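For reference, model-v9.cif is printed below; it contains mmCIF, C-alpha atoms (C1' of nucleotides).
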```
data_data
loop_
_atom_site.group_PDB
_atom_site.id
_atom_site.type_symbol
_atom_site.label_atom_id
_atom_site.label_comp_id
_atom_site.auth_asym_id
_atom_site.auth_seq_id
_atom_site.Cartn_x
_atom_site.Cartn_y
_atom_site.Cartn_z
ATOM 1 C CA MET Y 20 14.971 -10.211 -51.878
ATOM 2 C CA ASN Y 21 17.923 -10.728 -54.194
ATOM 3 C CA SER Y 22 18.266 -10.209 -57.916
ATOM 4 C CA LYS Y 23 17.560 -13.819 -58.890
ATOM 5 C CA ASP Y 24 14.410 -13.816 -56.819
ATOM 6 C CA ALA Y 25 13.278 -10.528 -58.339
ATOM 7 C CA VAL Y 26 13.901 -11.779 -61.872
ATOM 8 C CA THR Y 27 11.737 -14.814 -61.117
ATOM 9 C CA CYS Y 28 8.918 -12.539 -59.901
ATOM 10 C CA LEU Y 29 9.208 -10.210 -62.877
ATOM 11 C CA ALA Y 30 9.286 -13.077 -65.371
ATOM 12 C CA ALA Y 31 6.202 -14.535 -63.705
ATOM 13 C CA LEU Y 32 4.387 -11.227 -64.188
ATOM 14 C CA ALA Y 33 5.638 -10.699 -67.739
ATOM 15 C CA HIS Y 34 2.779 -12.536 -69.400
ATOM 16 C CA ASP Y 35 -0.611 -11.196 -70.306
ATOM 17 C CA GLN Y 36 -2.712 -13.847 -68.569
ATOM 18 C CA ARG Y 37 -0.489 -14.094 -65.524
ATOM 19 C CA LEU Y 38 -0.516 -10.341 -65.076
ATOM 20 C CA ALA Y 39 -4.311 -10.439 -65.293
ATOM 21 C CA ILE Y 40 -4.408 -13.168 -62.631
ATOM 22 C CA PHE Y 41 -2.029 -11.210 -60.422
ATOM 23 C CA ARG Y 42 -4.028 -7.998 -60.661
ATOM 24 C CA LEU Y 43 -7.262 -9.875 -60.046
ATOM 25 C CA LEU Y 44 -5.848 -11.397 -56.868
ATOM 26 C CA VAL Y 45 -4.357 -8.086 -55.717
ATOM 27 C CA ARG Y 46 -7.816 -6.549 -56.119
ATOM 28 C CA GLU Y 47 -9.455 -9.498 -54.402
ATOM 29 C CA GLY Y 48 -7.378 -9.281 -51.225
ATOM 30 C CA PRO Y 49 -6.217 -11.953 -48.763
ATOM 31 C CA SER Y 50 -9.185 -14.326 -49.158
ATOM 32 C CA GLY Y 51 -8.331 -15.004 -52.815
ATOM 33 C CA LEU Y 52 -10.313 -17.033 -55.333
ATOM 34 C CA PRO Y 53 -10.552 -20.674 -56.462
ATOM 35 C CA ALA Y 54 -8.633 -21.680 -59.608
ATOM 36 C CA GLY Y 55 -11.779 -22.220 -61.668
ATOM 37 C CA GLU Y 56 -13.119 -18.777 -60.947
ATOM 38 C CA ILE Y 57 -9.758 -17.262 -61.847
ATOM 39 C CA ALA Y 58 -9.642 -19.220 -65.116
ATOM 40 C CA GLU Y 59 -13.114 -18.027 -66.035
ATOM 41 C CA ALA Y 60 -12.416 -14.432 -65.058
ATOM 42 C CA ILE Y 61 -9.423 -14.159 -67.364
ATOM 43 C CA GLY Y 62 -10.755 -16.425 -70.106
ATOM 44 C CA ALA Y 63 -8.173 -19.187 -69.782
ATOM 45 C CA THR Y 64 -8.539 -22.958 -70.086
ATOM 46 C CA PRO Y 65 -8.223 -24.944 -66.830
ATOM 47 C CA THR Y 66 -4.891 -26.319 -68.067
ATOM 48 C CA GLY Y 67 -3.614 -22.887 -69.008
ATOM 49 C CA ALA Y 68 -4.740 -21.272 -65.781
ATOM 50 C CA SER Y 69 -3.141 -24.064 -63.765
ATOM 51 C CA PHE Y 70 0.151 -23.586 -65.583
ATOM 52 C CA HIS Y 71 0.154 -19.845 -64.985
ATOM 53 C CA LEU Y 72 -0.969 -20.121 -61.364
ATOM 54 C CA LYS Y 73 1.896 -22.523 -60.784
ATOM 55 C CA GLU Y 74 4.359 -20.000 -62.247
ATOM 56 C CA LEU Y 75 3.085 -17.226 -59.981
ATOM 57 C CA ASP Y 76 3.149 -19.568 -57.006
ATOM 58 C CA ARG Y 77 6.692 -20.691 -57.805
ATOM 59 C CA ALA Y 78 7.752 -17.037 -57.824
ATOM 60 C CA GLY Y 79 6.111 -16.635 -54.414
ATOM 61 C CA LEU Y 80 3.727 -13.915 -55.583
ATOM 62 C CA ILE Y 81 0.632 -15.971 -54.773
ATOM 63 C CA HIS Y 82 -0.038 -19.032 -52.663
ATOM 64 C CA ALA Y 83 -2.421 -21.957 -52.917
ATOM 65 C CA THR Y 84 -4.671 -23.420 -50.235
ATOM 66 C CA ARG Y 85 -6.923 -26.405 -50.755
ATOM 67 C CA VAL Y 86 -10.441 -25.874 -49.452
ATOM 68 C CA GLY Y 87 -12.482 -28.998 -50.027
ATOM 69 C CA ARG Y 88 -12.258 -29.749 -53.706
ATOM 70 C CA TYR Y 89 -11.328 -26.200 -54.573
ATOM 71 C CA ILE Y 90 -7.851 -24.736 -54.548
ATOM 72 C CA ARG Y 91 -7.917 -21.084 -53.580
ATOM 73 C CA TYR Y 92 -5.159 -18.769 -54.693
ATOM 74 C CA ALA Y 93 -4.415 -15.471 -52.965
ATOM 75 C CA ALA Y 94 -1.845 -12.720 -53.479
ATOM 76 C CA HIS Y 95 1.198 -12.866 -51.241
ATOM 77 C CA PHE Y 96 1.317 -9.204 -50.275
ATOM 78 C CA ASP Y 97 4.542 -9.326 -48.355
ATOM 79 C CA LYS Y 98 6.427 -10.718 -51.334
ATOM 80 C CA ILE Y 99 4.844 -8.094 -53.578
ATOM 81 C CA ARG Y 100 6.036 -5.345 -51.279
ATOM 82 C CA GLN Y 101 9.549 -6.802 -51.256
ATOM 83 C CA MET Y 102 9.635 -6.825 -55.042
ATOM 84 C CA LEU Y 103 8.402 -3.242 -55.410
ATOM 85 C CA THR Y 104 10.914 -2.093 -52.829
ATOM 86 C CA PHE Y 105 13.728 -3.908 -54.601
ATOM 87 C CA LEU Y 106 12.912 -2.165 -57.889
ATOM 88 C CA THR Y 107 13.222 1.352 -56.537
ATOM 89 C CA GLU Y 108 15.764 0.950 -53.756
ATOM 90 C CA ASP Y 109 18.007 3.968 -53.182
ATOM 91 C CA CYS Y 110 16.355 5.877 -55.982
ATOM 92 C CA CYS Y 111 18.153 9.078 -56.964
ATOM 93 C CA GLN Y 112 20.871 8.422 -54.393
ATOM 94 C CA GLY Y 113 18.446 9.198 -51.588
ATOM 95 C CA GLN Y 114 17.485 12.578 -53.016
ATOM 96 C CA PRO Y 115 13.905 11.886 -54.065
ATOM 97 C CA GLU Y 116 13.405 15.501 -55.003
ATOM 98 C CA LEU Y 117 15.224 14.593 -58.216
ATOM 99 C CA CYS Y 118 12.358 12.341 -59.310
ATOM 100 C CA GLY Y 119 9.877 13.835 -56.842
ATOM 101 C CA SER Y 120 7.102 14.387 -59.283
ATOM 102 C CA THR Y 121 7.148 10.791 -60.375
ATOM 103 C CA ILE Y 122 8.031 8.074 -57.888
ATOM 104 C CA LYS Y 123 6.270 9.778 -55.019
ATOM 105 C CA LYS Y 124 2.998 9.416 -56.830
ATOM 106 C CA ALA Y 125 3.460 5.675 -57.037
ATOM 107 C CA ARG Y 126 3.090 5.563 -53.290
ATOM 108 C CA LYS Y 127 -0.519 6.517 -53.494
ATOM 109 C CA LEU Y 128 -1.179 2.948 -54.610
ATOM 110 C CA CYS Y 129 -3.452 1.995 -51.774
ATOM 111 C CA LYS Y 130 -5.201 4.828 -50.045
ATOM 112 C CA GLY Y 131 -5.008 5.018 -46.286
ATOM 113 C CA GLU Y 132 -1.409 6.104 -45.987
ATOM 114 C CA THR Y 133 -1.202 8.178 -42.831
ATOM 115 C CA LYS Y 134 2.374 9.355 -42.516
ATOM 116 C CA MET X 188 -0.644 2.116 -69.035
ATOM 117 C CA ASN X 189 -2.356 -0.972 -70.400
ATOM 118 C CA SER X 190 -1.642 -4.651 -69.900
ATOM 119 C CA LYS X 191 0.420 -5.064 -73.071
ATOM 120 C CA ASP X 192 2.582 -2.110 -72.123
ATOM 121 C CA ALA X 193 3.059 -3.449 -68.590
ATOM 122 C CA VAL X 194 4.021 -6.896 -69.883
ATOM 123 C CA THR X 195 6.672 -5.265 -72.084
ATOM 124 C CA CYS X 196 8.097 -3.412 -69.064
ATOM 125 C CA LEU X 197 8.053 -6.505 -66.870
ATOM 126 C CA ALA X 198 9.676 -8.669 -69.536
ATOM 127 C CA ALA X 199 12.359 -6.024 -69.973
ATOM 128 C CA LEU X 200 13.095 -6.171 -66.250
ATOM 129 C CA ALA X 201 12.952 -9.964 -66.043
ATOM 130 C CA HIS X 202 16.608 -10.475 -66.822
ATOM 131 C CA ASP X 203 19.509 -10.403 -64.436
ATOM 132 C CA GLN X 204 21.661 -7.886 -66.317
ATOM 133 C CA ARG X 205 18.776 -5.661 -67.358
ATOM 134 C CA LEU X 206 17.494 -5.533 -63.801
ATOM 135 C CA ALA X 207 21.001 -4.556 -62.675
ATOM 136 C CA ILE X 208 21.077 -1.784 -65.303
ATOM 137 C CA PHE X 209 17.633 -0.585 -64.272
ATOM 138 C CA ARG X 210 18.489 -0.437 -60.586
ATOM 139 C CA LEU X 211 21.779 1.278 -61.341
ATOM 140 C CA LEU X 212 19.974 3.981 -63.325
ATOM 141 C CA VAL X 213 17.237 4.351 -60.702
ATOM 142 C CA ARG X 214 19.977 4.918 -58.137
ATOM 143 C CA GLU X 215 21.812 7.275 -60.443
ATOM 144 C CA GLY X 216 18.889 9.636 -60.982
ATOM 145 C CA PRO X 217 17.893 11.803 -63.954
ATOM 146 C CA SER X 218 21.407 12.514 -65.224
ATOM 147 C CA GLY X 219 22.033 8.857 -66.043
ATOM 148 C CA LEU X 220 25.243 7.238 -67.243
ATOM 149 C CA PRO X 221 26.964 6.522 -70.585
ATOM 150 C CA ALA X 222 26.563 3.031 -72.063
ATOM 151 C CA GLY X 223 30.193 2.070 -71.522
ATOM 152 C CA GLU X 224 30.091 2.909 -67.852
ATOM 153 C CA ILE X 225 26.895 0.914 -67.479
ATOM 154 C CA ALA X 226 28.441 -2.066 -69.269
ATOM 155 C CA GLU X 227 31.470 -1.959 -67.000
ATOM 156 C CA ALA X 228 29.404 -1.528 -63.839
ATOM 157 C CA ILE X 229 27.370 -4.651 -64.481
ATOM 158 C CA GLY X 230 30.154 -6.676 -66.113
ATOM 159 C CA ALA X 231 28.630 -6.942 -69.567
ATOM 160 C CA THR X 232 30.250 -6.810 -73.003
ATOM 161 C CA PRO X 233 29.543 -3.669 -75.072
ATOM 162 C CA THR X 234 27.391 -5.763 -77.424
ATOM 163 C CA GLY X 235 25.461 -7.336 -74.578
ATOM 164 C CA ALA X 236 24.922 -4.054 -72.769
ATOM 165 C CA SER X 237 23.731 -2.428 -75.977
ATOM 166 C CA PHE X 238 21.199 -5.205 -76.544
ATOM 167 C CA HIS X 239 19.843 -4.928 -73.011
ATOM 168 C CA LEU X 240 19.773 -1.131 -73.020
ATOM 169 C CA LYS X 241 17.771 -1.266 -76.221
ATOM 170 C CA GLU X 242 15.257 -3.617 -74.595
ATOM 171 C CA LEU X 243 14.804 -1.299 -71.616
ATOM 172 C CA ASP X 244 14.522 1.680 -73.934
ATOM 173 C CA ARG X 245 11.970 -0.089 -76.119
ATOM 174 C CA ALA X 246 9.882 -0.722 -72.994
ATOM 175 C CA GLY X 247 10.125 2.984 -72.178
ATOM 176 C CA LEU X 248 11.792 2.406 -68.811
ATOM 177 C CA ILE X 249 14.944 4.287 -69.785
ATOM 178 C CA HIS X 250 15.844 6.730 -72.526
ATOM 179 C CA ALA X 251 18.989 7.474 -74.513
ATOM 180 C CA THR X 252 20.606 10.821 -75.249
ATOM 181 C CA ARG X 253 23.717 11.257 -77.323
ATOM 182 C CA VAL X 254 26.291 13.536 -75.706
ATOM 183 C CA GLY X 255 29.290 13.854 -77.959
ATOM 184 C CA ARG X 256 30.470 10.372 -78.726
ATOM 185 C CA TYR X 257 28.822 8.962 -75.625
ATOM 186 C CA ILE X 258 25.237 7.816 -75.348
ATOM 187 C CA ARG X 259 23.844 8.456 -71.897
ATOM 188 C CA TYR X 260 20.977 6.384 -70.579
ATOM 189 C CA ALA X 261 18.718 7.527 -67.737
ATOM 190 C CA ALA X 262 15.722 6.037 -65.951
ATOM 191 C CA HIS X 263 12.331 7.238 -67.128
ATOM 192 C CA PHE X 264 10.766 7.821 -63.733
ATOM 193 C CA ASP X 265 7.303 8.649 -64.931
ATOM 194 C CA LYS X 266 7.023 5.343 -66.772
ATOM 195 C CA ILE X 267 8.322 3.511 -63.716
ATOM 196 C CA ARG X 268 5.655 5.109 -61.571
ATOM 197 C CA GLN X 269 2.969 4.141 -64.078
ATOM 198 C CA MET X 270 4.104 0.538 -64.006
ATOM 199 C CA LEU X 271 4.208 0.286 -60.213
ATOM 200 C CA THR X 272 0.764 1.853 -60.013
ATOM 201 C CA PHE X 273 -0.610 -0.560 -62.588
ATOM 202 C CA LEU X 274 0.630 -3.541 -60.583
ATOM 203 C CA THR X 275 -1.167 -2.657 -57.389
ATOM 204 C CA GLU X 276 -4.211 -0.770 -58.656
ATOM 205 C CA ASP X 277 -7.356 -1.182 -56.541
ATOM 206 C CA CYS X 278 -5.567 -3.456 -54.129
ATOM 207 C CA CYS X 279 -7.856 -5.206 -51.644
ATOM 208 C CA GLN X 280 -10.906 -3.579 -53.219
ATOM 209 C CA GLY X 281 -9.910 -0.220 -51.827
ATOM 210 C CA GLN X 282 -9.637 -1.491 -48.250
ATOM 211 C CA PRO X 283 -5.892 -1.301 -47.736
ATOM 212 C CA GLU X 284 -6.255 -2.312 -44.109
ATOM 213 C CA LEU X 285 -6.581 -5.875 -45.484
ATOM 214 C CA CYS X 286 -2.962 -5.853 -46.661
ATOM 215 C CA GLY X 287 -2.004 -2.862 -44.529
ATOM 216 C CA SER X 288 1.078 -4.385 -43.027
ATOM 217 C CA THR X 289 2.515 -5.104 -46.445
ATOM 218 C CA ILE X 290 1.766 -2.811 -49.382
ATOM 219 C CA LYS X 291 1.887 0.328 -47.305
ATOM 220 C CA LYS X 292 5.506 -0.357 -46.528
ATOM 221 C CA ALA X 293 6.330 -0.407 -50.216
ATOM 222 C CA ARG X 294 5.516 3.273 -50.315
ATOM 223 C CA LYS X 295 8.533 4.101 -48.227
ATOM 224 C CA LEU X 296 10.585 3.508 -51.386
ATOM 225 C CA CYS X 297 12.043 6.964 -51.614
ATOM 226 C CA LYS X 298 12.281 8.868 -48.396
ATOM 227 C CA GLY X 299 10.927 12.399 -48.328
ATOM 228 C CA GLU X 300 7.249 11.523 -48.461
ATOM 229 C CA THR X 301 5.460 14.380 -46.755
ATOM 230 C CA LYS X 302 1.776 13.600 -46.862
ATOM 231 C "C1'" DA H 108 -18.421 -48.113 -55.023
ATOM 232 C "C1'" DT H 109 -19.417 -44.939 -58.725
ATOM 233 C "C1'" DA H 110 -19.950 -40.811 -60.909
ATOM 234 C "C1'" DA H 111 -19.279 -35.925 -61.073
ATOM 235 C "C1'" DT H 112 -16.553 -31.932 -60.186
ATOM 236 C "C1'" DA H 113 -12.094 -29.276 -59.475
ATOM 237 C "C1'" DG H 114 -7.743 -29.037 -60.661
ATOM 238 C "C1'" DT H 115 -2.978 -30.735 -62.026
ATOM 239 C "C1'" DA H 116 0.778 -33.169 -64.858
ATOM 240 C "C1'" DC H 117 2.837 -34.528 -68.964
ATOM 241 C "C1'" DA H 118 4.543 -34.582 -73.766
ATOM 242 C "C1'" DA H 119 5.190 -32.572 -78.174
ATOM 243 C "C1'" DC H 120 5.575 -28.782 -80.823
ATOM 244 C "C1'" DA H 121 5.869 -23.875 -81.956
ATOM 245 C "C1'" DA H 122 7.475 -19.411 -80.749
ATOM 246 C "C1'" DC H 123 10.365 -16.399 -78.603
ATOM 247 C "C1'" DT H 124 14.812 -14.656 -76.321
ATOM 248 C "C1'" DA H 125 19.672 -14.524 -75.274
ATOM 249 C "C1'" DT H 126 24.596 -14.917 -76.570
ATOM 250 C "C1'" DT H 127 28.506 -14.499 -79.447
ATOM 251 C "C1'" DG H 128 31.719 -12.597 -82.582
ATOM 252 C "C1'" DA H 129 32.494 -9.857 -86.563
ATOM 253 C "C1'" DA H 130 31.423 -5.848 -89.088
ATOM 254 C "C1'" DA H 131 29.399 -1.266 -89.339
ATOM 255 C "C1'" DT H 132 28.338 3.629 -87.871
ATOM 256 C "C1'" DA H 133 29.122 7.991 -85.413
ATOM 257 C "C1'" DT H 134 31.959 11.295 -83.192
ATOM 258 C "C1'" DG H 135 36.131 13.618 -81.826
ATOM 259 C "C1'" DC H 136 40.981 14.523 -82.216
ATOM 260 C "C1'" DA H 137 45.742 14.884 -84.344
ATOM 261 C "C1'" DT A 216 42.167 13.129 -93.832
ATOM 262 C "C1'" DG A 217 42.944 9.278 -91.069
ATOM 263 C "C1'" DC A 218 42.865 7.060 -86.538
ATOM 264 C "C1'" DA A 219 40.877 6.034 -82.075
ATOM 265 C "C1'" DT A 220 36.906 5.698 -79.181
ATOM 266 C "C1'" DA A 221 32.007 4.689 -78.191
ATOM 267 C "C1'" DT A 222 28.367 2.169 -79.410
ATOM 268 C "C1'" DT A 223 25.227 -0.382 -82.435
ATOM 269 C "C1'" DT A 224 23.808 -3.883 -85.931
ATOM 270 C "C1'" DC A 225 23.603 -8.302 -87.844
ATOM 271 C "C1'" DA A 226 23.489 -13.316 -88.336
ATOM 272 C "C1'" DA A 227 23.893 -17.807 -86.432
ATOM 273 C "C1'" DT A 228 23.048 -20.655 -82.790
ATOM 274 C "C1'" DA A 229 21.527 -22.258 -78.372
ATOM 275 C "C1'" DG A 230 18.317 -22.113 -74.864
ATOM 276 C "C1'" DT A 231 13.904 -21.053 -72.715
ATOM 277 C "C1'" DT A 232 8.876 -20.523 -72.495
ATOM 278 C "C1'" DG A 233 3.995 -21.030 -73.919
ATOM 279 C "C1'" DT A 234 0.179 -23.862 -75.905
ATOM 280 C "C1'" DT A 235 -2.596 -27.773 -76.696
ATOM 281 C "C1'" DG A 236 -4.773 -31.996 -75.819
ATOM 282 C "C1'" DT A 237 -5.011 -36.052 -73.117
ATOM 283 C "C1'" DA A 238 -4.518 -38.449 -69.011
ATOM 284 C "C1'" DC A 239 -4.267 -38.372 -64.189
ATOM 285 C "C1'" DT A 240 -5.361 -37.298 -58.977
ATOM 286 C "C1'" DA A 241 -8.230 -35.497 -55.248
ATOM 287 C "C1'" DT A 242 -12.619 -34.540 -53.219
ATOM 288 C "C1'" DT A 243 -17.603 -34.775 -52.661
ATOM 289 C "C1'" DA A 244 -22.170 -36.644 -53.175
ATOM 290 C "C1'" DT A 245 -25.299 -40.474 -54.266
#
```

Whole structure, structure tokens version:
Amino acid sequence: MNSKDAVTCLAALAHDQRLAIFRLLVREGPSGLPAGEIAEAIGATPTGASFHLKELDRAGLIHATRVGRYIRYAAHFDKIRQMLTFLTEDCCQGQPELCGSTIKKARKLCKGETK
Amino acid sequence: MNSKDAVTCLAALAHDQRLAIFRLLVREGPSGLPAGEIAEAIGATPTGASFHLKELDRAGLIHATRVGRYIRYAAHFDKIRQMLTFLTEDCCQGQPELCGSTIKKARKLCKGETK
DNA sequence: ATAATAGTACAACAACTATTGAAATATGCA
DNA sequence: TGCATATTTCAATAGTTGTTGTACTATTAT
């Protein structure tokens, strides 16, 4: 991930409805949801939802798959990881004890961490 | 952290120079850097740097402290953690094995994780 | 084939954001 | 006090992004 790429991701997320879509799809997991269900869930018009889904897709944070007459969207977890990593790379010059009480906690995002 | 707050943070980061400032200050740690040094490091004019620093400050991602005639800016690590947590909350409905190969890795952001 | 459903594309307009240069403020030093 | 340094503020302009409604395309079922 480079800076331009990261800016595209961040700009895609920097909108109320798109952030809601993103978080919905992160919660939903790899199977995703069809566009209509997403639109309804966040209270957007079909046109609006389509526009925002396209933005998120363009940034690579989600991806679309046609299934019959539905188009399912799902979070692209690898890209998400890349973006989060990019944001906090080399934090505190490799001495995480400096921000220990803060960034560390962010790693408890998903449970199940073993090491 | 709520959605509005998160959108403000993400919008603040969704700019090439501001992202560069943010990453510089994350690397730098709690002591931060004076505005002029930041401007020089990212190749911005004093006016431009000031504008972008203000945006990041307004979002709560960094904070300013006057030290003599310098103004030092430092990352606000607690806010950063809150934002990262907000983005990936309840991922995969609490079954991280679904995205296990991806999000987990993002937790290796800072080394020094012990548990 | 035709109609119904799911979703996208386009165009016009409004709203917001970034950039620039010049002027202002704050602090420290001679 | 007066000058230099560090940084911010302001105003004008240019550029980008979001919203809305209408029209279009793709798929399925009758």

Subject >> Resolved residues for the PyMOL selection byres ((chain A) within 9 of (chain X)) as a PyMOL selection string >> reply: chain A and resi 220-223

Subject >> Residues matched by the PyMOL selection byres ((chain A and resi 218) around 12) as a list in words >> reply: DG135, DC136 and DA137 of chain H; DT216, DG217, DA219 and DT220 of chain A

Original post:
At most 8 Å from (9.5, -4.2, -61.8), file frame, only C-alpha atoms (C1' of nucleotides): which residues, as an MDAnalysis selection string?
Top reply: (chainID Y and resid 29 102:103 106) or (chainID X and resid 196:197 200:201 270:271)

Subject >> Picked residues, the PyMOL selection byres ((chain Y and resi 35) around 7), as a VMD selection string >> reply: (chain Y and resid 33 to 34 36 to 39) or (chain X and resid 190 to 191 194)

**OP:** Compile the residues of chain H that lie within 9 Å of chain Y, evaluated using all atoms listed in the file, and express the compilation as a PyMOL selection string.
**Re:** chain H and resi 112-115

With C-alpha atoms (C1' of nucleotides) retained, could you export that selection as a compact mmCIF listing (two decimals), in the coordinates of the input?
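Output contents, as saved in out-v7.txt:
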```
# COMPACT_ATOMS: atom_id res chain seq x y z
C1' DT H 112 -16.55 -31.93 -60.19
C1' DA H 113 -12.09 -29.28 -59.48
C1' DG H 114 -7.74 -29.04 -60.66
C1' DT H 115 -2.98 -30.74 -62.03
```

Chain X post-superposition (all in-order Cα pairs with chain Y) as a short mmCIF file (atom, residue, chain, number, x, y, z; two decimals) with C-alpha atoms, keeping the file's coordinate frame:
```
data_model
loop_
_atom_site.label_atom_id
_atom_site.label_comp_id
_atom_site.auth_asym_id
_atom_site.auth_seq_id
_atom_site.Cartn_x
_atom_site.Cartn_y
_atom_site.Cartn_z
CA MET X 188 15.02 -10.20 -51.89
CA ASN X 189 17.95 -10.71 -54.23
CA SER X 190 18.29 -10.18 -57.96
CA LYS X 191 17.59 -13.79 -58.92
CA ASP X 192 14.44 -13.80 -56.84
CA ALA X 193 13.29 -10.50 -58.35
CA VAL X 194 13.91 -11.76 -61.89
CA THR X 195 11.74 -14.80 -61.13
CA CYS X 196 8.92 -12.53 -59.91
CA LEU X 197 9.21 -10.20 -62.89
CA ALA X 198 9.29 -13.07 -65.38
CA ALA X 199 6.21 -14.53 -63.72
CA LEU X 200 4.40 -11.22 -64.19
CA ALA X 201 5.64 -10.69 -67.75
CA HIS X 202 2.77 -12.53 -69.37
CA ASP X 203 -0.61 -11.19 -70.29
CA GLN X 204 -2.71 -13.84 -68.54
CA ARG X 205 -0.49 -14.09 -65.49
CA LEU X 206 -0.52 -10.33 -65.05
CA ALA X 207 -4.32 -10.44 -65.28
CA ILE X 208 -4.41 -13.17 -62.60
CA PHE X 209 -2.03 -11.21 -60.40
CA ARG X 210 -4.03 -8.00 -60.63
CA LEU X 211 -7.26 -9.88 -60.03
CA LEU X 212 -5.84 -11.40 -56.84
CA VAL X 213 -4.35 -8.09 -55.69
CA ARG X 214 -7.80 -6.56 -56.10
CA GLU X 215 -9.43 -9.50 -54.39
CA GLY X 216 -7.38 -9.28 -51.20
CA PRO X 217 -6.20 -11.95 -48.75
CA SER X 218 -9.16 -14.31 -49.16
CA GLY X 219 -8.32 -14.99 -52.80
CA LEU X 220 -10.31 -17.01 -55.32
CA PRO X 221 -10.55 -20.66 -56.46
CA ALA X 222 -8.63 -21.66 -59.60
CA GLY X 223 -11.76 -22.21 -61.68
CA GLU X 224 -13.11 -18.77 -60.95
CA ILE X 225 -9.75 -17.26 -61.84
CA ALA X 226 -9.63 -19.21 -65.10
CA GLU X 227 -13.11 -18.02 -66.03
CA ALA X 228 -12.41 -14.41 -65.05
CA ILE X 229 -9.41 -14.14 -67.34
CA GLY X 230 -10.75 -16.40 -70.10
CA ALA X 231 -8.19 -19.17 -69.78
CA THR X 232 -8.58 -22.94 -70.07
CA PRO X 233 -8.26 -24.92 -66.81
CA THR X 234 -4.92 -26.31 -68.05
CA GLY X 235 -3.63 -22.89 -69.00
CA ALA X 236 -4.74 -21.26 -65.77
CA SER X 237 -3.15 -24.05 -63.76
CA PHE X 238 0.16 -23.58 -65.57
CA HIS X 239 0.15 -19.83 -64.97
CA LEU X 240 -0.96 -20.11 -61.35
CA LYS X 241 1.90 -22.51 -60.76
CA GLU X 242 4.36 -20.00 -62.23
CA LEU X 243 3.09 -17.21 -59.97
CA ASP X 244 3.16 -19.55 -56.99
CA ARG X 245 6.70 -20.68 -57.80
CA ALA X 246 7.75 -17.02 -57.82
CA GLY X 247 6.13 -16.61 -54.41
CA LEU X 248 3.73 -13.90 -55.58
CA ILE X 249 0.64 -15.96 -54.77
CA HIS X 250 -0.04 -19.03 -52.67
CA ALA X 251 -2.44 -21.95 -52.91
CA THR X 252 -4.69 -23.41 -50.23
CA ARG X 253 -6.94 -26.38 -50.75
CA VAL X 254 -10.47 -25.84 -49.46
CA GLY X 255 -12.53 -28.93 -50.05
CA ARG X 256 -12.26 -29.76 -53.70
CA TYR X 257 -11.35 -26.20 -54.60
CA ILE X 258 -7.87 -24.72 -54.55
CA ARG X 259 -7.93 -21.07 -53.60
CA TYR X 260 -5.15 -18.76 -54.68
CA ALA X 261 -4.40 -15.45 -52.96
CA ALA X 262 -1.83 -12.71 -53.47
CA HIS X 263 1.21 -12.86 -51.22
CA PHE X 264 1.34 -9.20 -50.26
CA ASP X 265 4.57 -9.31 -48.34
CA LYS X 266 6.43 -10.71 -51.33
CA ILE X 267 4.85 -8.08 -53.57
CA ARG X 268 6.06 -5.34 -51.26
CA GLN X 269 9.57 -6.79 -51.26
CA MET X 270 9.64 -6.80 -55.03
CA LEU X 271 8.41 -3.23 -55.41
CA THR X 272 10.94 -2.08 -52.84
CA PHE X 273 13.75 -3.90 -54.61
CA LEU X 274 12.91 -2.16 -57.89
CA THR X 275 13.22 1.36 -56.57
CA GLU X 276 15.77 0.97 -53.78
CA ASP X 277 18.03 3.99 -53.22
CA CYS X 278 16.36 5.89 -56.01
CA CYS X 279 18.15 9.09 -57.01
CA GLN X 280 20.88 8.43 -54.46
CA GLY X 281 18.50 9.17 -51.63
CA GLN X 282 17.50 12.57 -53.02
CA PRO X 283 13.92 11.87 -54.05
CA GLU X 284 13.40 15.50 -54.99
CA LEU X 285 15.23 14.57 -58.22
CA CYS X 286 12.37 12.32 -59.32
CA GLY X 287 9.90 13.81 -56.85
CA SER X 288 7.13 14.38 -59.32
CA THR X 289 7.17 10.75 -60.36
CA ILE X 290 8.07 8.03 -57.87
CA LYS X 291 6.32 9.72 -54.99
CA LYS X 292 3.05 9.37 -56.81
CA ALA X 293 3.51 5.63 -57.02
CA ARG X 294 3.13 5.50 -53.27
CA LYS X 295 -0.50 6.47 -53.50
CA LEU X 296 -1.13 2.88 -54.63
CA CYS X 297 -3.44 1.94 -51.81
CA LYS X 298 -5.27 4.76 -50.18
CA GLY X 299 -5.18 4.98 -46.40
CA GLU X 300 -1.57 6.07 -46.06
CA THR X 301 -1.41 8.03 -42.83
CA LYS X 302 2.16 9.14 -42.39
#
```

**OP:** Would you mind listing what lies within 8 Å of region 245-249 of chain X as a PyMOL selection string, with all atoms listed in the file counted and same-chain residues fewer than 4 positions away left out?
**Re:** chain X and resi 192+195-196+199+209+240-241+260-264+266-267

Subject >> Residues near Phe105 (chain Y), cut-off 9 Å, all atoms listed in the file, skip fewer than 6 positions along chain, as a ChimeraX atom specification >> reply: /Y:20-22,25 /X:210,296

Using all atoms listed in the file, what table do you get, as a tab-separated table, when you list each residue of chain H with an atom no more than 12 Å from region 229-241 of chain A, its nearest pair of atoms, and their distance in Å rounded to one decimal, rows by chain then rising number?
```
residue	atom	partner	partner_atom	distance
H:DT112	C1'	A:DA241	C1'	10.3
H:DA113	C1'	A:DA241	C1'	8.5
H:DG114	C1'	A:DA241	C1'	8.4
H:DT115	C1'	A:DT240	C1'	7.6
H:DA116	C1'	A:DC239	C1'	7.3
H:DC117	C1'	A:DA238	C1'	8.3
H:DA118	C1'	A:DT237	C1'	9.7
H:DA119	C1'	A:DT235	C1'	9.3
H:DC120	C1'	A:DT234	C1'	8.8
H:DA121	C1'	A:DT234	C1'	8.3
H:DA122	C1'	A:DG233	C1'	7.8
H:DC123	C1'	A:DT232	C1'	7.5
H:DT124	C1'	A:DT231	C1'	7.4
H:DA125	C1'	A:DG230	C1'	7.7
H:DT126	C1'	A:DA229	C1'	8.2
H:DT127	C1'	A:DA229	C1'	10.5
```
